[in-house]
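Q: Next comes start.cif, mmCIF, C-alpha atoms:
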```cif
data_target
loop_
_atom_site.label_atom_id
_atom_site.label_comp_id
_atom_site.auth_asym_id
_atom_site.auth_seq_id
_atom_site.Cartn_x
_atom_site.Cartn_y
_atom_site.Cartn_z
CA MET A 1 151.67 79.96 69.14
CA ARG A 2 152.85 83.56 68.82
CA VAL A 3 151.61 85.62 65.87
CA LEU A 4 152.99 88.88 64.52
CA ILE A 5 150.73 91.07 62.39
CA LEU A 6 152.48 93.80 60.36
CA SER A 7 150.17 96.63 59.42
CA ALA A 8 149.61 100.40 59.37
CA ASP A 9 146.89 102.98 58.73
CA ASN A 10 144.39 102.16 55.97
CA PHE A 11 144.61 98.42 56.51
CA GLU A 12 141.78 96.36 55.00
CA ASP A 13 139.74 96.00 58.18
CA SER A 14 138.37 92.49 57.69
CA GLU A 15 141.75 91.12 56.60
CA LEU A 16 143.25 92.22 59.90
CA LEU A 17 140.31 91.76 62.29
CA VAL A 18 139.05 88.36 61.18
CA PRO A 19 142.46 86.65 61.57
CA TYR A 20 143.15 88.66 64.76
CA TYR A 21 139.97 87.47 66.48
CA ARG A 22 140.42 83.95 65.07
CA PHE A 23 143.89 83.67 66.56
CA LEU A 24 142.65 84.89 69.94
CA GLU A 25 139.78 82.38 69.77
CA GLU A 26 142.43 79.69 69.33
CA GLY A 27 144.39 80.94 72.34
CA PHE A 28 147.29 82.27 70.28
CA GLN A 29 149.28 85.30 71.44
CA VAL A 30 148.98 88.10 68.89
CA GLU A 31 150.97 91.30 68.55
CA ILE A 32 150.47 94.08 66.02
CA ALA A 33 153.57 95.90 64.83
CA SER A 34 153.65 99.15 62.86
CA MET A 35 155.85 102.18 62.16
CA ARG A 36 154.81 103.95 65.34
CA MET A 37 153.01 103.24 68.59
CA GLY A 38 149.41 104.31 69.16
CA ILE A 39 146.33 103.53 67.11
CA ILE A 40 146.16 102.49 63.47
CA THR A 41 142.88 102.96 61.61
CA GLY A 42 141.50 100.75 58.86
CA LYS A 43 139.95 101.88 55.57
CA HIS A 44 136.54 101.20 57.12
CA GLY A 45 137.34 103.06 60.34
CA TYR A 46 138.15 100.23 62.75
CA GLU A 47 140.92 101.13 65.19
CA VAL A 48 143.48 98.74 66.62
CA GLU A 49 146.27 99.41 69.06
CA VAL A 50 149.88 98.89 68.05
CA ASP A 51 151.86 96.64 70.41
CA LYS A 52 155.35 97.25 69.05
CA ILE A 53 157.20 99.37 66.52
CA ILE A 54 158.77 97.40 63.68
CA ASP A 55 162.30 98.53 64.55
CA GLU A 56 162.00 96.78 67.91
CA VAL A 57 160.56 93.51 66.64
CA ASN A 58 162.66 90.43 67.21
CA ALA A 59 161.28 88.09 64.56
CA ASP A 60 162.53 85.08 66.53
CA ASP A 61 159.84 85.80 69.12
CA TYR A 62 157.05 84.74 66.74
CA ASP A 63 155.89 81.56 65.02
CA LEU A 64 153.72 83.09 62.31
CA LEU A 65 153.76 86.33 60.31
CA LEU A 66 150.46 87.72 58.99
CA LEU A 67 150.39 90.46 56.33
CA PRO A 68 146.87 91.88 55.83
CA GLY A 69 146.05 94.07 52.82
CA GLY A 70 144.61 97.51 52.22
CA LYS A 71 146.92 100.46 51.69
CA ALA A 72 149.12 99.62 54.69
CA PRO A 73 151.54 97.37 52.75
CA ALA A 74 152.36 100.27 50.36
CA GLU A 75 153.80 102.11 53.38
CA LEU A 76 155.35 99.11 55.10
CA ARG A 77 157.24 98.05 51.96
CA LYS A 78 159.28 101.29 52.22
CA GLN A 79 160.48 100.33 55.70
CA PRO A 80 163.75 98.35 55.84
CA ALA A 81 162.72 96.93 59.25
CA ALA A 82 159.53 95.46 57.78
CA LEU A 83 161.45 93.82 54.93
CA GLU A 84 164.00 92.40 57.39
CA ILE A 85 161.22 90.84 59.46
CA ALA A 86 159.79 89.12 56.38
CA ARG A 87 163.24 87.88 55.30
CA HIS A 88 163.87 86.50 58.78
CA PHE A 89 160.67 84.42 58.64
CA PHE A 90 161.60 83.05 55.23
CA ALA A 91 165.15 82.28 56.32
CA GLY A 92 163.77 80.22 59.20
CA ASN A 93 161.13 78.60 56.96
CA ARG A 94 158.45 79.76 59.38
CA PRO A 95 154.83 80.34 58.22
CA VAL A 96 154.07 83.62 56.44
CA ALA A 97 150.46 84.35 55.45
CA ALA A 98 149.74 87.32 53.16
CA ILE A 99 146.47 88.42 51.60
CA CYS A 100 145.40 91.01 49.01
CA HIS A 101 148.04 93.80 48.97
CA GLY A 102 149.97 92.10 51.81
CA PRO A 103 152.35 90.30 49.41
CA GLN A 104 153.69 93.70 48.25
CA ILE A 105 155.94 93.58 51.32
CA LEU A 106 157.33 90.24 50.16
CA ILE A 107 157.92 91.59 46.64
CA SER A 108 159.95 94.51 48.03
CA ALA A 109 161.86 92.10 50.28
CA GLY A 110 162.85 90.14 47.15
CA LEU A 111 161.36 86.93 48.51
CA LEU A 112 158.99 85.81 45.75
CA LYS A 113 161.29 84.83 42.87
CA GLY A 114 160.16 81.38 41.70
CA LYS A 115 157.48 81.13 44.42
CA ARG A 116 153.89 80.08 43.68
CA VAL A 117 151.73 82.93 45.02
CA THR A 118 148.53 84.86 44.61
CA CYS A 119 147.46 88.41 45.57
CA TYR A 120 144.88 91.09 44.82
CA LYS A 121 144.36 91.38 41.07
CA LEU A 122 145.85 94.89 40.87
CA VAL A 123 149.09 93.58 42.41
CA ALA A 124 149.40 90.70 39.92
CA THR A 125 151.50 92.57 37.35
CA GLU A 126 154.23 93.65 39.74
CA MET A 127 154.13 90.20 41.32
CA LYS A 128 154.85 88.53 37.98
CA GLU A 129 157.58 91.10 37.24
CA SER A 130 159.25 90.15 40.51
CA GLY A 131 159.71 86.62 39.16
CA ALA A 132 156.89 84.98 41.08
CA ASP A 133 154.67 82.24 39.67
CA TYR A 134 151.39 84.16 40.08
CA GLN A 135 148.17 82.14 40.16
CA ASP A 136 144.64 83.53 40.21
CA ARG A 137 143.25 81.19 42.87
CA GLU A 138 141.62 81.78 46.27
CA LEU A 139 144.47 80.03 48.05
CA VAL A 140 148.04 79.29 47.02
CA VAL A 141 150.49 77.47 49.27
CA ASP A 142 154.21 77.15 48.56
CA GLY A 143 156.23 75.76 51.42
CA ASN A 144 155.97 78.17 54.34
CA LEU A 145 154.05 80.75 52.31
CA ILE A 146 150.24 81.03 52.28
CA THR A 147 148.62 83.65 50.02
CA SER A 148 145.07 84.68 49.13
CA ARG A 149 143.52 87.37 46.94
CA GLN A 150 140.80 89.28 48.81
CA PRO A 151 138.37 89.32 51.78
CA SER A 152 136.05 86.69 50.27
CA ASP A 153 138.99 84.25 50.36
CA ILE A 154 139.37 84.62 54.14
CA PRO A 155 137.66 81.31 55.02
CA VAL A 156 140.07 79.14 52.99
CA PHE A 157 143.01 81.39 53.92
CA MET A 158 142.30 80.94 57.63
CA ARG A 159 141.62 77.21 57.27
CA GLU A 160 145.05 76.75 55.72
CA ILE A 161 146.78 78.95 58.32
CA MET A 162 145.19 77.01 61.17
CA LYS A 163 146.20 73.73 59.52
CA MET A 164 149.80 74.86 59.12
CA THR A 165 150.06 76.14 62.70
CA HIS A 166 148.81 72.79 64.04
CA SER A 167 151.08 70.57 61.94
CA MET B 1 125.89 72.48 60.39
CA ARG B 2 123.51 75.11 58.95
CA VAL B 3 123.65 78.64 60.34
CA LEU B 4 121.09 81.42 60.00
CA ILE B 5 122.23 85.01 60.52
CA LEU B 6 119.46 87.59 61.08
CA SER B 7 120.55 91.10 60.24
CA ALA B 8 119.75 94.31 58.36
CA ASP B 9 121.32 97.63 57.34
CA ASN B 10 123.66 99.22 59.88
CA PHE B 11 124.83 95.92 61.31
CA GLU B 12 128.02 96.02 63.37
CA ASP B 13 130.34 94.86 60.61
CA SER B 14 132.81 92.80 62.66
CA GLU B 15 130.03 91.07 64.60
CA LEU B 16 128.56 89.77 61.37
CA LEU B 17 131.69 89.25 59.24
CA VAL B 18 133.95 87.54 61.78
CA PRO B 19 131.41 84.80 62.62
CA TYR B 20 130.38 84.56 58.95
CA TYR B 21 133.92 83.86 57.75
CA ARG B 22 134.59 81.63 60.76
CA PHE B 23 131.59 79.43 59.97
CA LEU B 24 132.65 79.15 56.32
CA GLU B 25 136.19 78.24 57.44
CA GLU B 26 134.62 75.41 59.44
CA GLY B 27 132.66 74.22 56.41
CA PHE B 28 129.27 75.28 57.80
CA GLN B 29 126.47 76.41 55.48
CA VAL B 30 125.55 80.02 56.26
CA GLU B 31 122.54 82.03 55.13
CA ILE B 32 121.78 85.68 55.88
CA ALA B 33 118.14 86.64 56.30
CA SER B 34 116.75 90.17 56.37
CA MET B 35 113.56 92.15 55.68
CA ARG B 36 114.23 92.33 51.95
CA MET B 37 116.49 90.78 49.34
CA GLY B 38 119.51 92.59 47.95
CA ILE B 39 122.45 94.07 49.81
CA ILE B 40 122.62 95.12 53.46
CA THR B 41 125.33 97.58 54.49
CA GLY B 42 127.11 97.68 57.83
CA LYS B 43 127.86 100.76 59.94
CA HIS B 44 131.42 100.62 58.61
CA GLY B 45 130.36 100.20 54.99
CA TYR B 46 130.81 96.48 54.41
CA GLU B 47 128.15 95.00 52.13
CA VAL B 48 126.73 91.51 52.34
CA GLU B 49 124.14 89.85 50.18
CA VAL B 50 120.85 88.68 51.67
CA ASP B 51 120.02 85.04 50.95
CA LYS B 52 116.42 84.98 52.16
CA ILE B 53 113.71 87.28 53.45
CA ILE B 54 112.67 86.59 57.04
CA ASP B 55 109.06 85.82 56.07
CA GLU B 56 110.28 82.87 54.02
CA VAL B 57 112.66 81.40 56.59
CA ASN B 58 111.82 77.94 57.85
CA ALA B 59 113.67 77.90 61.17
CA ASP B 60 113.74 74.08 61.12
CA ASP B 61 116.24 74.30 58.25
CA TYR B 62 119.00 75.62 60.56
CA ASP B 63 121.01 74.35 63.52
CA LEU B 64 122.22 77.69 64.89
CA LEU B 65 120.86 81.24 64.98
CA LEU B 66 123.33 84.15 65.10
CA LEU B 67 122.18 87.68 66.01
CA PRO B 68 124.92 90.30 65.37
CA GLY B 69 124.63 93.81 66.81
CA GLY B 70 124.72 97.33 65.46
CA LYS B 71 121.48 99.14 64.66
CA ALA B 72 120.02 96.20 62.72
CA PRO B 73 118.34 94.54 65.76
CA ALA B 74 116.34 97.74 66.44
CA GLU B 75 114.66 97.20 63.07
CA LEU B 76 114.41 93.43 63.23
CA ARG B 77 112.71 93.49 66.65
CA LYS B 78 109.73 95.23 65.00
CA GLN B 79 109.27 92.31 62.60
CA PRO B 80 106.94 89.52 63.80
CA ALA B 81 108.70 87.07 61.47
CA ALA B 82 112.05 87.74 63.15
CA LEU B 83 110.57 87.18 66.61
CA GLU B 84 108.92 83.95 65.46
CA ILE B 85 112.27 82.64 64.17
CA ALA B 86 113.89 83.31 67.55
CA ARG B 87 111.01 81.66 69.44
CA HIS B 88 111.25 78.63 67.19
CA PHE B 89 114.93 78.15 68.03
CA PHE B 90 114.21 78.45 71.75
CA ALA B 91 111.27 76.04 71.55
CA GLY B 92 113.56 73.47 69.97
CA ASN B 93 116.36 74.22 72.44
CA ARG B 94 118.69 74.87 69.52
CA PRO B 95 121.75 77.17 69.89
CA VAL B 96 121.14 80.92 69.69
CA ALA B 97 124.15 83.26 69.83
CA ALA B 98 123.57 87.01 70.25
CA ILE B 99 126.09 89.80 70.71
CA CYS B 100 125.94 93.52 71.53
CA HIS B 101 122.49 94.83 70.44
CA GLY B 102 121.56 91.38 69.03
CA PRO B 103 119.73 90.33 72.24
CA GLN B 104 117.18 93.14 71.67
CA ILE B 105 115.42 90.73 69.30
CA LEU B 106 115.18 88.17 72.11
CA ILE B 107 113.82 90.79 74.51
CA SER B 108 111.06 91.70 72.05
CA ALA B 109 110.32 88.01 71.51
CA GLY B 110 109.80 87.67 75.28
CA LEU B 111 112.41 84.96 75.57
CA LEU B 112 114.76 86.29 78.27
CA LYS B 113 112.67 86.15 81.46
CA GLY B 114 114.81 84.40 84.08
CA LYS B 115 117.66 83.77 81.61
CA ARG B 116 121.30 84.57 82.42
CA VAL B 117 122.44 86.89 79.65
CA THR B 118 124.74 89.75 78.71
CA CYS B 119 124.58 92.45 76.02
CA TYR B 120 125.98 95.86 75.07
CA LYS B 121 125.99 98.15 78.09
CA LEU B 122 123.36 100.51 76.66
CA VAL B 123 120.96 97.56 76.30
CA ALA B 124 121.42 96.42 79.92
CA THR B 125 118.55 98.46 81.40
CA GLU B 126 115.88 97.16 79.07
CA MET B 127 117.31 93.67 79.41
CA LYS B 128 116.90 93.77 83.20
CA GLU B 129 113.39 95.22 82.81
CA SER B 130 112.49 92.25 80.63
CA GLY B 131 113.15 89.97 83.61
CA ALA B 132 116.55 88.70 82.50
CA ASP B 133 119.43 88.00 84.87
CA TYR B 134 121.87 90.47 83.23
CA GLN B 135 125.58 89.95 83.88
CA ASP B 136 128.40 92.25 82.78
CA ARG B 137 130.76 89.55 81.53
CA GLU B 138 132.40 88.89 78.15
CA LEU B 139 130.52 85.62 77.76
CA VAL B 140 127.35 84.30 79.39
CA VAL B 141 125.92 80.88 78.58
CA ASP B 142 122.50 79.69 79.74
CA GLY B 143 121.38 76.44 78.15
CA ASN B 144 121.06 76.98 74.41
CA LEU B 145 121.76 80.72 74.68
CA ILE B 146 125.22 82.29 74.19
CA THR B 147 125.58 86.05 74.66
CA SER B 148 128.46 88.55 74.57
CA ARG B 149 128.74 92.31 74.96
CA GLN B 150 130.80 93.85 72.14
CA PRO B 151 133.34 93.23 69.33
CA SER B 152 136.27 92.71 71.72
CA ASP B 153 134.38 89.71 73.15
CA ILE B 154 134.28 87.98 69.74
CA PRO B 155 137.11 85.51 70.48
CA VAL B 156 135.41 83.96 73.55
CA PHE B 157 132.00 84.26 71.90
CA MET B 158 133.17 82.29 68.85
CA ARG B 159 135.07 79.77 70.98
CA GLU B 160 131.87 78.95 72.87
CA ILE B 161 129.76 78.81 69.70
CA MET B 162 132.19 76.39 68.08
CA LYS B 163 132.23 74.27 71.23
CA MET B 164 128.42 74.12 71.35
CA THR B 165 128.10 73.25 67.66
CA HIS B 166 130.55 70.37 68.05
CA SER B 167 129.01 68.87 71.19
#
```
Give the structure from the file, written as structure tokens.
A:
Amino acid sequence: MRVLILSADNFEDSELLVPYYRFLEEGFQVEIASMRMGIITGKHGYEVEVDKIIDEVNADDYDLLLLPGGKAPAELRKQPAALEIARHFFAGNRPVAAICHGPQILISAGLLKGKRVTCYKLVATEMKESGADYQDRELVVDGNLITSRQPSDIPVFMREIMKMTHS
Amino acid sequence: MRVLILSADNFEDSELLVPYYRFLEEGFQVEIASMRMGIITGKHGYEVEVDKIIDEVNADDYDLLLLPGGKAPAELRKQPAALEIARHFFAGNRPVAAICHGPQILISAGLLKGKRVTCYKLVATEMKESGADYQDRELVVDGNLITSRQPSDIPVFMREIMKMTHS
């Protein structure tokens, strides 16, 4: 199983690190893509190394897309390459897991119209305006799309991701 | 499966949060014990709520003891109640998992003489002086005891913990 994590500076540390370590525990291959190579730093100061810049990502190389939250998605949603990656996963009906502010990337990619989704409470208004069926629940699954609201939802979020990657 | 996490202020955030969320994902019951009730805050600013004070812990109520690192173990090792909890787990040959500075509690409890163990590099000298067989490897297992060195070891550390709790 090959996982792509899209993130940038000011990511929500636990929403990136907990899945990252969980995937490695499981033996998955994980790559982190961002706007530039080097180190990205979370809101809480954790540093992770970028494996690839988003312009060079071939989405076909991965089985799962993870979109952590924090302030990173606000930057990534301005990047056409990031939106193309998300669209490619949806077109192939491959698993996409987004938490907190992560779904902002999917809103900008125009992928949520009619989809059942959740997100961080401050993102709910723009999510509804994008035509999504927003639900205030710890976990919402709609086809290939897994969404959760915040760090405290990580256990159910990860349980569902692991279930989907093993089915 | 019932897990007890012993920690305090200035815990290494990822070494507490990643296992914590992982155990909840697995459906385990998890309680955090510290010197006093309320909130403890990690080195990176994450806050977790204390479920029980160490003086009131009945170690028989738990199947696994987790000792995260950071600066918390330096305080916990001064607490007789914390050392008694660790000794109780060893006496019952129940799983104890310690990472980074976490093994300092086991050194103070006098539990590492002749044991194969690892820890954060700055703890290695006092670990050897306590009579332990220190090894600089990402994961060391000796009977009921699982040890790792640092956050980047979390994937193998958690893989071994999950294996031991399912055997």
Q: As a check of understanding, name the residues that the PyMOL selection byres ((chain A) within 12 of (chain B)) selects in the supplied structure, as a PyMOL selection string.
A: chain A and resi 12-28+42-48+151-163
Q: Based on the selection just made, write C-alpha atoms of those residues as a short mmCIF file (atom, residue, chain, number, x, y, z; two decimals), keeping the file's coordinate frame.
A:
```cif
data_model
loop_
_atom_site.label_atom_id
_atom_site.label_comp_id
_atom_site.auth_asym_id
_atom_site.auth_seq_id
_atom_site.Cartn_x
_atom_site.Cartn_y
_atom_site.Cartn_z
CA GLU A 12 141.78 96.36 55.00
CA ASP A 13 139.74 96.00 58.18
CA SER A 14 138.37 92.49 57.69
CA GLU A 15 141.75 91.12 56.60
CA LEU A 16 143.25 92.22 59.90
CA LEU A 17 140.31 91.76 62.29
CA VAL A 18 139.05 88.36 61.18
CA PRO A 19 142.46 86.65 61.57
CA TYR A 20 143.15 88.66 64.76
CA TYR A 21 139.97 87.47 66.48
CA ARG A 22 140.42 83.95 65.07
CA PHE A 23 143.89 83.67 66.56
CA LEU A 24 142.65 84.89 69.94
CA GLU A 25 139.78 82.38 69.77
CA GLU A 26 142.43 79.69 69.33
CA GLY A 27 144.39 80.94 72.34
CA PHE A 28 147.29 82.27 70.28
CA GLY A 42 141.50 100.75 58.86
CA LYS A 43 139.95 101.88 55.57
CA HIS A 44 136.54 101.20 57.12
CA GLY A 45 137.34 103.06 60.34
CA TYR A 46 138.15 100.23 62.75
CA GLU A 47 140.92 101.13 65.19
CA VAL A 48 143.48 98.74 66.62
CA PRO A 151 138.37 89.32 51.78
CA SER A 152 136.05 86.69 50.27
CA ASP A 153 138.99 84.25 50.36
CA ILE A 154 139.37 84.62 54.14
CA PRO A 155 137.66 81.31 55.02
CA VAL A 156 140.07 79.14 52.99
CA PHE A 157 143.01 81.39 53.92
CA MET A 158 142.30 80.94 57.63
CA ARG A 159 141.62 77.21 57.27
CA GLU A 160 145.05 76.75 55.72
CA ILE A 161 146.78 78.95 58.32
CA MET A 162 145.19 77.01 61.17
CA LYS A 163 146.20 73.73 59.52
#
```
Q: Could you list, as a PyMOL selection string, every residue matched by the PyMOL selection byres ((chain A and resi 86-100) around 6) in this structure?
A: chain A and resi 64-69+83-85+101-103+119-120+144-150
Q: Interatomic distance between CA of Arg137 in chain B and CA of Thr165 in chain B?
A: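 Between these atoms lies a distance of 21.6 Å.
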Q: Given the file shown, determine the residues that the PyMOL selection byres ((chain B and resi 129) around 12) selects; report them as a list in words.
A: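 Selected by the PyMOL selection byres ((chain B and resi 129) around 12) here: Gln104, Ile107, Ser108, Gly110, Leu112, Lys113, Gly114, Val123, Ala124, Thr125, Glu126, Met127, Lys128, Ser130, Gly131, Ala132, Asp133 and Tyr134 of chain B.
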Q: One number please: CA of Val3 in chain A to CA of Ile54 in chain A, in Å, one decimal.
A: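 Pair CA of Val3 in chain A / CA of Ile54 in chain A returns 14.0 Å.
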Q: Name the closest residue to Pro73 in chain B among the candidates B:Met35, B:Asp142, B:Gln135, B:Val117; distances are taken between atoms, counting only C-alpha atoms.
A: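 Checking each candidate against Pro73 in chain B, we get B:Met35 as the closest.
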